[in-house]
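Q: Hey, dropping target13.cif in here, mmCIF, C-alpha atoms:
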data_run
loop_
_atom_site.label_atom_id
_atom_site.label_comp_id
_atom_site.auth_asym_id
_atom_site.auth_seq_id
_atom_site.Cartn_x
_atom_site.Cartn_y
_atom_site.Cartn_z
CA MET A 1 -229.32 -73.45 -40.42
CA ASN A 2 -229.37 -74.59 -36.78
CA CYS A 3 -230.18 -72.33 -33.83
CA GLU A 4 -226.56 -71.80 -32.72
CA SER A 5 -225.54 -70.72 -36.24
CA CYS A 6 -228.51 -68.39 -36.24
CA GLN A 7 -227.38 -66.74 -32.97
CA LYS A 8 -223.84 -66.27 -34.31
CA LEU A 9 -225.03 -64.85 -37.62
CA ALA A 10 -227.22 -62.43 -35.69
CA LEU A 11 -224.12 -61.19 -33.87
CA LEU A 12 -222.43 -60.60 -37.23
CA ARG A 13 -225.51 -58.83 -38.55
CA ASP A 14 -225.53 -56.48 -35.53
CA SER A 15 -221.87 -55.59 -36.13
CA GLY A 16 -222.60 -54.88 -39.81
CA GLU A 17 -220.47 -57.75 -41.07
CA LEU A 18 -223.14 -59.96 -42.64
CA SER A 19 -223.81 -60.09 -46.39
CA GLN A 20 -227.29 -59.40 -47.71
CA GLN A 21 -227.66 -63.03 -48.76
CA GLN A 22 -226.76 -64.27 -45.26
CA CYS A 23 -229.17 -61.73 -43.78
CA GLY A 24 -231.96 -63.26 -45.85
CA ALA A 25 -231.16 -66.77 -44.64
CA LEU A 26 -231.06 -65.54 -41.05
CA GLU A 27 -234.41 -63.83 -41.36
CA ASP A 28 -235.93 -67.02 -42.82
CA HIS A 29 -234.75 -69.04 -39.81
CA VAL A 30 -235.86 -66.46 -37.24
CA THR A 31 -239.31 -66.24 -38.80
CA ALA A 32 -239.71 -70.00 -38.54
CA CYS A 33 -238.12 -70.47 -35.06
CA PRO A 34 -239.86 -68.93 -32.00
CA ALA A 35 -236.98 -69.99 -29.66
CA CYS A 36 -234.42 -68.02 -31.70
CA ARG A 37 -236.80 -65.06 -31.92
CA GLU A 38 -237.11 -65.01 -28.13
CA ALA A 39 -233.35 -65.45 -27.54
CA LEU A 40 -232.44 -62.69 -29.99
CA ALA A 41 -234.94 -60.31 -28.38
CA GLN A 42 -233.48 -61.03 -24.92
CA THR A 43 -229.94 -60.52 -26.19
CA ALA A 44 -230.83 -57.21 -27.85
CA GLU A 45 -232.46 -56.03 -24.62
CA LEU A 46 -229.50 -57.05 -22.46
CA LEU A 47 -226.94 -55.36 -24.74
CA ALA A 48 -229.03 -52.18 -24.87
CA ASP A 49 -229.24 -52.16 -21.05
CA LEU A 50 -225.48 -52.62 -20.75
CA ARG A 51 -224.88 -49.80 -23.24
CA ALA A 52 -227.14 -47.52 -21.18
CA ALA A 53 -225.20 -48.38 -18.02
CA ARG A 54 -221.82 -47.60 -19.66
CA PRO A 55 -219.69 -45.36 -17.38
CA PRO A 56 -219.46 -41.84 -18.82
CA LEU A 57 -216.12 -40.34 -19.84
CA PRO A 58 -215.10 -37.69 -17.25
CA PRO A 59 -215.15 -34.27 -19.02
CA ALA A 60 -211.91 -33.09 -17.32
CA LEU A 61 -210.02 -36.06 -18.75
CA ARG A 62 -210.10 -34.57 -22.27
CA LYS A 63 -208.22 -31.40 -21.30
CA ARG A 64 -205.74 -33.34 -19.18
CA THR A 65 -205.05 -35.85 -21.96
CA LEU A 66 -204.62 -33.26 -24.71
CA GLN A 67 -202.32 -31.17 -22.51
CA ALA A 68 -200.18 -34.22 -21.77
CA ALA A 69 -200.01 -35.09 -25.48
CA ASP A 70 -199.06 -31.50 -26.36
CA THR A 71 -196.31 -31.42 -23.70
CA GLY A 72 -194.85 -34.60 -25.15
CA ALA A 73 -194.93 -33.13 -28.65
CA GLY A 74 -193.22 -29.92 -27.42
CA ARG A 75 -190.48 -31.92 -25.75
CA ARG A 76 -189.87 -33.86 -28.96
CA ARG A 77 -189.74 -30.62 -30.99
CA ILE A 78 -187.03 -29.28 -28.64
CA LEU A 79 -185.17 -32.56 -28.93
CA ARG A 80 -185.29 -32.42 -32.73
CA LEU A 81 -184.02 -28.82 -32.67
CA ALA A 82 -181.20 -29.79 -30.31
CA VAL A 83 -180.17 -32.65 -32.58
CA ALA A 84 -180.29 -30.37 -35.64
CA ALA A 85 -178.18 -27.74 -33.86
CA LEU A 86 -175.65 -30.34 -32.81
CA ALA A 87 -175.52 -31.73 -36.34
CA THR A 88 -174.86 -28.25 -37.73
CA ALA A 89 -172.16 -27.57 -35.16
CA ALA A 90 -170.51 -30.91 -35.88
CA SER A 91 -170.62 -30.26 -39.64
CA ILE A 92 -168.91 -26.90 -39.18
CA LEU A 93 -166.24 -28.44 -36.96
CA ILE A 94 -165.63 -31.26 -39.42
CA ALA A 95 -165.46 -28.85 -42.35
CA PHE A 96 -163.01 -26.68 -40.44
CA ALA A 97 -160.87 -29.68 -39.50
CA LEU A 98 -160.74 -30.86 -43.13
CA TRP A 99 -159.92 -27.38 -44.34
CA ARG A 100 -157.14 -27.16 -41.76
CA GLN A 101 -155.71 -30.43 -43.03
CA GLN A 102 -155.81 -29.53 -46.71
CA GLY A 103 -154.88 -25.84 -46.31
CA PRO A 104 -156.57 -22.85 -47.97
CA THR A 105 -157.12 -22.81 -51.74
CA PRO A 106 -154.64 -20.44 -53.36
CA THR A 107 -156.38 -17.43 -54.86
CA THR A 108 -155.33 -15.16 -57.68
CA PRO A 109 -155.27 -11.51 -56.73
CA ALA A 110 -158.04 -9.48 -58.38
CA PRO A 111 -156.71 -7.28 -61.22
CA ARG A 112 -156.48 -3.65 -60.32
CA SER A 113 -158.55 -1.14 -62.28
CA ALA A 114 -157.01 1.43 -64.58
CA ASP A 115 -159.39 4.02 -63.20
CA PRO A 116 -157.46 5.76 -60.39
CA ALA A 117 -160.59 6.35 -58.28
CA LEU A 118 -161.61 2.68 -58.46
CA ALA A 119 -158.01 1.59 -57.89
CA ALA A 120 -157.98 3.67 -54.71
CA VAL A 121 -161.11 1.90 -53.45
CA GLN A 122 -159.62 -1.49 -54.41
CA ALA A 123 -156.48 -0.67 -52.47
CA GLU A 124 -158.67 -0.07 -49.42
CA VAL A 125 -160.83 -3.17 -49.58
CA LEU A 126 -158.75 -5.84 -51.38
CA PRO A 127 -155.76 -7.59 -49.82
CA ASP A 128 -152.35 -6.36 -50.81
CA PRO A 129 -151.08 -8.62 -53.65
CA ALA A 130 -147.55 -8.05 -52.48
CA ALA A 131 -148.34 -9.29 -48.95
CA PRO A 132 -147.39 -12.92 -48.05
CA PRO A 133 -150.28 -15.46 -48.34
CA PHE A 134 -152.44 -16.20 -45.27
CA ALA A 135 -150.56 -18.62 -43.08
CA THR A 136 -152.65 -21.33 -41.43
CA GLU A 137 -149.89 -21.70 -38.87
CA ASP A 138 -151.19 -18.45 -37.36
CA LEU A 139 -154.16 -20.48 -36.01
CA ASN A 140 -152.13 -23.48 -34.90
CA GLY A 141 -152.18 -22.47 -31.25
CA GLU A 142 -155.99 -22.18 -31.12
CA VAL A 143 -156.56 -25.36 -33.11
CA ARG A 144 -154.18 -27.31 -30.90
CA ALA A 145 -156.07 -26.08 -27.83
CA VAL A 146 -159.40 -27.28 -29.31
CA GLU A 147 -157.84 -30.61 -30.29
CA GLU A 148 -156.44 -31.12 -26.80
CA LEU A 149 -159.82 -30.29 -25.26
CA LEU A 150 -161.58 -32.80 -27.50
CA ALA A 151 -158.93 -35.42 -26.73
CA GLN A 152 -159.56 -34.92 -23.00
CA LEU A 153 -163.30 -35.20 -23.41
CA THR A 154 -163.16 -38.38 -25.49
CA PRO A 155 -159.93 -40.25 -24.79
CA THR A 156 -160.20 -42.69 -27.71
CA PRO A 157 -156.95 -44.53 -28.55
CA ARG A 158 -155.68 -43.77 -32.02
CA ALA A 159 -155.77 -46.57 -34.54
CA PRO A 160 -152.36 -47.72 -35.70
CA GLY A 161 -151.53 -46.59 -39.20
CA SER A 162 -154.02 -43.72 -39.21
CA SER A 163 -153.16 -40.98 -41.62
CA GLY A 164 -152.95 -38.00 -39.29
CA PRO A 165 -154.03 -36.43 -36.02
CA LEU A 166 -156.72 -34.25 -37.57
CA GLN A 167 -158.47 -37.22 -39.18
CA ASN A 168 -158.46 -38.92 -35.79
CA GLU A 169 -159.95 -35.84 -34.16
CA THR A 170 -162.65 -35.74 -36.85
CA ALA A 171 -163.50 -39.38 -36.21
CA VAL A 172 -163.60 -38.75 -32.48
CA MET A 173 -165.91 -35.79 -32.93
CA LEU A 174 -168.18 -37.82 -35.19
CA GLU A 175 -168.33 -40.72 -32.74
CA ALA A 176 -169.04 -38.43 -29.81
CA PHE A 177 -171.76 -36.67 -31.75
CA GLU A 178 -173.38 -39.91 -32.88
CA ALA A 179 -173.35 -41.31 -29.35
CA PHE A 180 -174.89 -38.13 -28.00
CA ALA A 181 -177.55 -38.03 -30.71
CA ALA A 182 -178.42 -41.70 -30.01
CA GLU A 183 -178.68 -40.92 -26.32
CA LEU A 184 -181.03 -38.00 -27.00
CA GLU A 185 -183.20 -40.17 -29.24
CA GLN A 186 -183.47 -42.73 -26.44
CA ILE A 187 -184.39 -40.11 -23.87
CA GLY A 188 -187.25 -38.75 -26.01
CA PRO A 189 -189.68 -41.72 -26.15
CA THR A 190 -189.26 -42.72 -22.52
CA GLN A 191 -189.88 -39.23 -21.19
CA GLY A 192 -192.86 -38.60 -23.43
CA ILE A 193 -195.37 -39.81 -20.86
CA MET B 194 -218.31 -48.36 -37.17
CA GLU B 195 -218.77 -44.64 -36.60
CA ALA B 196 -216.18 -41.96 -37.36
CA THR B 197 -214.01 -44.06 -39.70
CA MET B 198 -214.53 -41.65 -42.60
CA ASP B 199 -213.00 -38.77 -40.68
CA ASP B 200 -210.08 -40.58 -39.15
CA ALA B 201 -207.74 -40.43 -42.14
CA SER B 202 -208.19 -36.70 -42.63
CA LEU B 203 -207.89 -36.04 -38.89
CA VAL B 204 -204.65 -38.01 -38.74
CA HIS B 205 -203.39 -36.09 -41.78
CA ARG B 206 -204.32 -32.78 -40.17
CA PHE B 207 -202.64 -33.72 -36.90
CA LEU B 208 -199.44 -34.76 -38.65
CA ASN B 209 -199.42 -31.38 -40.39
CA GLY B 210 -199.41 -29.58 -37.07
CA ASP B 211 -203.13 -29.13 -36.35
CA ALA B 212 -203.31 -29.86 -32.61
CA GLU B 213 -207.12 -29.61 -32.63
CA ALA B 214 -207.30 -32.74 -34.77
CA LEU B 215 -206.12 -34.82 -31.82
CA GLY B 216 -209.06 -33.46 -29.81
CA ALA B 217 -211.43 -34.58 -32.55
CA LEU B 218 -209.85 -38.04 -32.60
CA TYR B 219 -210.25 -38.16 -28.82
CA ASP B 220 -213.94 -37.26 -29.13
CA ASN B 221 -214.43 -39.97 -31.74
CA HIS B 222 -212.76 -42.82 -29.90
CA ALA B 223 -212.14 -42.10 -26.21
CA PRO B 224 -215.69 -42.83 -24.98
CA ALA B 225 -215.71 -46.37 -26.41
CA ILE B 226 -212.16 -47.13 -25.31
CA PHE B 227 -212.94 -45.76 -21.86
CA GLY B 228 -216.00 -48.00 -21.64
CA TYR B 229 -213.85 -51.03 -22.45
CA LEU B 230 -211.14 -49.99 -19.96
CA CYS B 231 -213.62 -49.25 -17.17
CA ARG B 232 -215.00 -52.77 -17.27
CA ARG B 233 -211.53 -54.22 -17.70
CA ILE B 234 -209.46 -52.38 -15.07
CA GLY B 235 -211.81 -50.03 -13.21
CA PRO B 236 -212.46 -46.33 -13.68
CA GLN B 237 -209.39 -44.90 -11.93
CA ASP B 238 -206.88 -46.90 -13.94
CA ALA B 239 -209.04 -46.41 -17.04
CA GLU B 240 -208.55 -42.63 -16.82
CA ASP B 241 -204.78 -43.04 -16.58
CA VAL B 242 -204.68 -45.50 -19.45
CA ILE B 243 -206.82 -43.26 -21.68
CA GLN B 244 -204.32 -40.46 -21.10
CA GLU B 245 -201.34 -42.72 -21.75
CA THR B 246 -202.99 -44.12 -24.88
CA PHE B 247 -203.55 -40.74 -26.52
CA VAL B 248 -200.11 -39.43 -25.53
CA GLN B 249 -198.58 -42.54 -27.08
CA ALA B 250 -200.84 -42.19 -30.13
CA ALA B 251 -199.82 -38.55 -30.64
CA ARG B 252 -196.21 -39.68 -30.60
CA SER B 253 -196.68 -42.65 -32.91
CA LEU B 254 -199.40 -41.53 -35.37
CA ARG B 255 -196.74 -41.16 -38.05
CA SER B 256 -196.27 -44.94 -37.91
CA TYR B 257 -200.04 -45.69 -38.19
CA ASP B 258 -200.37 -47.44 -41.55
CA HIS B 259 -204.15 -46.94 -42.12
CA ARG B 260 -204.59 -50.66 -42.86
CA GLY B 261 -206.88 -51.29 -39.90
CA ARG B 262 -209.35 -48.94 -38.28
CA LEU B 263 -207.83 -46.27 -36.05
CA ARG B 264 -210.05 -47.51 -33.19
CA GLN B 265 -208.40 -50.92 -33.45
CA TRP B 266 -204.93 -49.34 -33.44
CA LEU B 267 -205.77 -47.22 -30.39
CA LEU B 268 -207.20 -50.26 -28.61
CA THR B 269 -204.00 -52.16 -29.23
CA ILE B 270 -202.15 -49.45 -27.31
CA ALA B 271 -204.83 -49.26 -24.60
CA ARG B 272 -204.96 -53.06 -24.10
CA SER B 273 -201.21 -53.25 -23.78
CA ARG B 274 -201.22 -50.52 -21.11
CA ALA B 275 -204.18 -52.13 -19.35
CA LEU B 276 -202.44 -55.51 -19.25
CA ASP B 277 -199.35 -53.84 -17.75
CA ARG B 278 -201.57 -52.48 -14.98
CA ILE B 279 -203.29 -55.82 -14.41
CA ARG B 280 -199.87 -57.47 -14.06
CA LYS B 281 -198.66 -54.70 -11.74
CA HIS B 282 -201.73 -54.94 -9.47
CA SER B 283 -201.45 -58.70 -9.48
CA ARG B 284 -197.85 -58.47 -8.24
CA GLN B 285 -198.91 -55.92 -5.59
CA ARG B 286 -201.71 -58.20 -4.43
CA GLU B 287 -199.32 -61.12 -4.15
CA ARG B 288 -196.90 -59.03 -2.11
CA ALA B 289 -199.70 -57.79 0.15
CA LEU B 290 -200.92 -61.35 0.72
CA LEU B 291 -197.41 -62.44 1.58
CA GLU B 292 -197.11 -59.61 4.06
CA GLY B 293 -200.56 -60.32 5.54
CA GLU B 294 -202.02 -56.99 4.51
CA GLU B 295 -205.74 -56.84 4.06
CA GLU B 296 -206.31 -53.36 2.65
CA GLU B 297 -207.50 -52.77 -0.89
CA ILE B 298 -204.52 -51.96 -3.02
CA SER B 299 -205.87 -50.49 -6.18
CA HIS B 300 -208.39 -48.17 -4.53
CA GLY B 301 -207.05 -44.85 -3.36
CA ALA B 302 -209.18 -41.74 -2.95
CA ARG B 303 -212.71 -42.19 -4.26
CA SER B 304 -213.37 -39.93 -7.22
CA PRO B 305 -216.93 -38.89 -8.09
CA LEU B 306 -216.71 -41.16 -11.14
CA GLU B 307 -215.77 -44.12 -8.97
CA GLN B 308 -218.62 -43.38 -6.60
CA GLN B 309 -220.94 -43.34 -9.59
CA CYS B 310 -219.50 -46.59 -10.94
CA ASP B 311 -219.80 -48.17 -7.52
CA ARG B 312 -223.54 -47.98 -7.65
CA GLU B 313 -225.39 -51.24 -7.33
CA LEU B 314 -226.04 -51.75 -11.00
CA GLY B 315 -222.47 -51.03 -12.05
CA GLU B 316 -221.18 -53.46 -9.47
CA ARG B 317 -223.55 -56.18 -10.59
CA ILE B 318 -222.66 -55.76 -14.24
CA ASP B 319 -218.95 -55.62 -13.44
CA ALA B 320 -219.21 -58.75 -11.31
CA ALA B 321 -221.08 -60.59 -14.05
CA VAL B 322 -218.56 -59.53 -16.69
CA GLN B 323 -215.60 -60.35 -14.46
CA SER B 324 -217.00 -63.83 -13.84
CA LEU B 325 -216.71 -64.65 -17.56
CA PRO B 326 -213.72 -66.72 -18.68
CA GLU B 327 -210.85 -64.49 -19.87
CA ARG B 328 -211.27 -64.94 -23.64
CA GLN B 329 -215.06 -64.59 -23.49
CA ARG B 330 -214.72 -61.44 -21.44
CA GLU B 331 -212.18 -59.96 -23.82
CA VAL B 332 -214.26 -60.66 -26.93
CA PHE B 333 -217.40 -59.40 -25.21
CA LEU B 334 -215.81 -56.11 -24.06
CA LEU B 335 -214.09 -55.43 -27.37
CA ARG B 336 -217.43 -55.86 -29.16
CA GLN B 337 -219.87 -54.41 -26.68
CA GLU B 338 -217.86 -51.58 -25.12
CA ALA B 339 -215.16 -50.75 -27.66
CA GLY B 340 -217.38 -51.31 -30.70
CA LEU B 341 -214.95 -53.41 -32.76
CA GLY B 342 -216.28 -55.74 -35.45
CA PHE B 343 -215.80 -59.50 -35.06
CA LYS B 344 -213.25 -59.67 -37.87
CA GLU B 345 -211.19 -56.99 -36.10
CA ILE B 346 -211.52 -58.79 -32.77
CA ALA B 347 -210.46 -62.09 -34.34
CA ALA B 348 -207.41 -60.38 -35.86
CA MET B 349 -206.51 -58.59 -32.64
CA LEU B 350 -206.82 -61.70 -30.47
CA ASP B 351 -205.32 -63.94 -33.13
CA MET B 352 -208.23 -66.39 -33.30
CA PRO B 353 -210.55 -67.64 -36.08
CA LEU B 354 -213.69 -65.59 -36.71
CA ASN B 355 -215.92 -68.49 -35.70
CA THR B 356 -214.09 -68.80 -32.35
CA ALA B 357 -214.62 -65.11 -31.66
CA LEU B 358 -218.33 -65.54 -32.45
CA SER B 359 -218.55 -68.60 -30.17
CA HIS B 360 -216.94 -66.67 -27.29
CA MET B 361 -219.38 -63.79 -27.75
CA HIS B 362 -222.35 -66.14 -28.01
CA ARG B 363 -221.38 -67.92 -24.78
CA ALA B 364 -220.62 -64.63 -22.99
CA VAL B 365 -224.04 -63.22 -23.90
CA LYS B 366 -225.76 -66.43 -22.75
CA ALA B 367 -223.89 -66.33 -19.42
CA LEU B 368 -224.68 -62.66 -18.89
CA ARG B 369 -228.35 -63.19 -19.75
CA THR B 370 -228.49 -65.77 -16.97
CA ALA B 371 -226.44 -63.74 -14.46
CA LEU B 372 -228.39 -60.54 -15.06
CA ALA B 373 -231.77 -62.14 -15.75
CA ASP B 374 -233.49 -60.47 -12.81
CA LEU B 375 -232.51 -56.92 -13.83
CA ASP B 376 -235.69 -56.35 -15.80
CA ALA B 377 -237.80 -58.20 -13.25
CA ALA B 378 -236.73 -55.83 -10.44
CA PRO B 379 -239.32 -53.35 -9.13
CA GLU B 380 -239.22 -49.98 -10.87
CA GLY B 381 -236.82 -47.51 -9.20
CA GLU B 382 -234.85 -50.16 -7.39
CA ILE B 383 -232.42 -50.65 -10.23
CA ASP B 384 -231.63 -47.68 -12.39
CA LEU B 385 -231.40 -48.92 -15.95
#
Translate this structure into structure tokens?
A:
Amino acid sequence: MNCESCQKLALLRDSGELSQQQCGALEDHVTACPACREALAQTAELLADLRAARPPLPPALRKRTLQAADTGAGRRRILRLAVAALATAASILIAFALWRQQGPTPTTPAPRSADPALAAVQAEVLPDPAAPPFATEDLNGEVRAVEELLAQLTPTPRAPGSSGPLQNETAVMLEAFEAFAAELEQIGPTQGI
Amino acid sequence: MEATMDDASLVHRFLNGDAEALGALYDNHAPAIFGYLCRRIGPQDAEDVIQETFVQAARSLRSYDHRGRLRQWLLTIARSRALDRIRKHSRQRERALLEGEEEEISHGARSPLEQQCDRELGERIDAAVQSLPERQREVFLLRQEAGLGFKEIAAMLDMPLNTALSHMHRAVKALRTALADLDAAPEGEIDL
């Protein structure tokens, strides 16, 4: 082992990265070489002095840093909640739009009880089987208003050959939601600090 | 290599909503990272970068893969932020030179910490460290101030282990020469 290798191995020993076998070889060289012994002693002294002169961490910095980290985490929690709320709202709108397109599932009227008292209660709470079925057209005015509002907000041209206006509105809503969610995700990381 | 044993459980606790765990991680690693940053970019910027580093870490701990030491991961963030500041100050200095300004750009109000760091010894050490070639300085500070091992330094700086050792060896030799008279100074004159 030459002196330069000895100095480098000593650095590895001080950082705890030297094997026991290499440590033995290093010790053998240092014992036999006064120049290396002197150089290693000077190095150890210098590094200890530099460690002692290390600038201390300001105590107030801890509180400031942890507060800043917590504020960032709070902002991201709000963002996640906003995205979840938007996703829920969009799901409800989409489900409603699909239901509107397919129409309500026909239901069989519940059989009336032979017990007159129970039949009287049923007459109060159950729909009249003789009444006409629920007409979705009753909501057409409100749905059209919502569709027009959405069309104004996102004026996307309709694709030729699309199967119907409600499917287009669903696609528009989805696109708008996805764009908004992507925008929120982008805002989060940049405003964290 | 202190604190490694606790890091994994602290990260786990933090990710499960224990905000105190981040404080413990700060206590484990901030002093060493601050020491590195102080010598690299000065105390005022070092404070800002420490804050930015831990805010960024809190946001990204979910992506920490536990393959390297947490200290190394935090230093990667801190170094990147520090280099941004070095580049920014360098551009400001160039602009000021072009405009004929002579004032110091990076020094605003003097904090107590800066006053402390401006003492004679701190200035001498800083000057000696700053006079090292870039790679030597980086290896030296990552080892001496940040406490990384040489294998970690070699990986971080993308150099062979032997090169990292050579840089450290040369840096120590240069600093021994530059700061040789520290111990020879009369007692009380230099506070070591």
Q: To one decimal place in Å, what is the distance between atom CA of Ile94 of chain A and atom CA of Leu81 of chain A?
A: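 A separation of 19.7 Å between them.
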Q: Just the number, please: distance in Å from atom CA of Leu276 of chain B to atom CA of Leu358 of chain B, one decimal.
A: 23.0 Å
Q: Should the cut-off be 10 Å, what would the residue list for chain A against chain B look like, counting all atoms listed in the file, as a PyMOL selection string?
A: chain A and resi 4-5+7-12+14-17+39+42-58+61-73+76+189+192-193
Q: For the file shown, what are the residues hit by the PyMOL selection byres ((chain B and resi 257) around 12), laid out as an MDAnalysis selection string?
A: chainID B and resid 200:201 204:205 208 249:256 258:267 269:270
Q: Atom CA of Ala275 of chain B and atom CA of Gly235 of chain B, how far apart in Å?
A: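 We find that atom CA of Gly235 of chain B and atom CA of Ala275 of chain B lie 10.0 Å from each other.
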Q: Counting all atoms listed in the file, find residues at most 12 Å from (-178.7, -30.2, -28.7) (file frame) and give them as a list in words.
A: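 Applying the cut-off with all atoms listed in the file, one gets Arg76, Arg77, Ile78, Leu79, Arg80, Leu81, Ala82, Val83, Ala84, Ala85, Leu86, Ala87, Thr88, Ala89, Ala90, Phe177, Glu178, Phe180, Ala181, Ala182, Glu183, Leu184 and Glu185 of chain A.
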Q: Using the chain letters and residue numbers of this document, give as a list in words the residues selected by the PyMOL selection byres ((chain B and resi 282) around 12).
A: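 Here the PyMOL selection byres ((chain B and resi 282) around 12) matches Ile234, Gly235, Asp238, Ala275, Leu276, Asp277, Arg278, Ile279, Arg280, Lys281, Ser283, Arg284, Gln285, Arg286, Glu287, Arg288, Ala289, Glu297, Ile298, Ser299 and His300 of chain B.
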Q: Could those selected residues go to a file with C-alpha atoms, as a short mmCIF file (atom, residue, chain, number, x, y, z; two decimals), in the frame of the given file?
A:
data_model
loop_
_atom_site.label_atom_id
_atom_site.label_comp_id
_atom_site.auth_asym_id
_atom_site.auth_seq_id
_atom_site.Cartn_x
_atom_site.Cartn_y
_atom_site.Cartn_z
CA ILE B 234 -209.46 -52.38 -15.07
CA GLY B 235 -211.81 -50.03 -13.21
CA ASP B 238 -206.88 -46.90 -13.94
CA ALA B 275 -204.18 -52.13 -19.35
CA LEU B 276 -202.44 -55.51 -19.25
CA ASP B 277 -199.35 -53.84 -17.75
CA ARG B 278 -201.57 -52.48 -14.98
CA ILE B 279 -203.29 -55.82 -14.41
CA ARG B 280 -199.87 -57.47 -14.06
CA LYS B 281 -198.66 -54.70 -11.74
CA SER B 283 -201.45 -58.70 -9.48
CA ARG B 284 -197.85 -58.47 -8.24
CA GLN B 285 -198.91 -55.92 -5.59
CA ARG B 286 -201.71 -58.20 -4.43
CA GLU B 287 -199.32 -61.12 -4.15
CA ARG B 288 -196.90 -59.03 -2.11
CA ALA B 289 -199.70 -57.79 0.15
CA GLU B 297 -207.50 -52.77 -0.89
CA ILE B 298 -204.52 -51.96 -3.02
CA SER B 299 -205.87 -50.49 -6.18
CA HIS B 300 -208.39 -48.17 -4.53
#
Q: Counting all atoms listed in the file, which of A:Ala95, A:Pro59, A:Ala171, A:Cys6 gets nearest to Gln22 of chain A?
A: A:Cys6
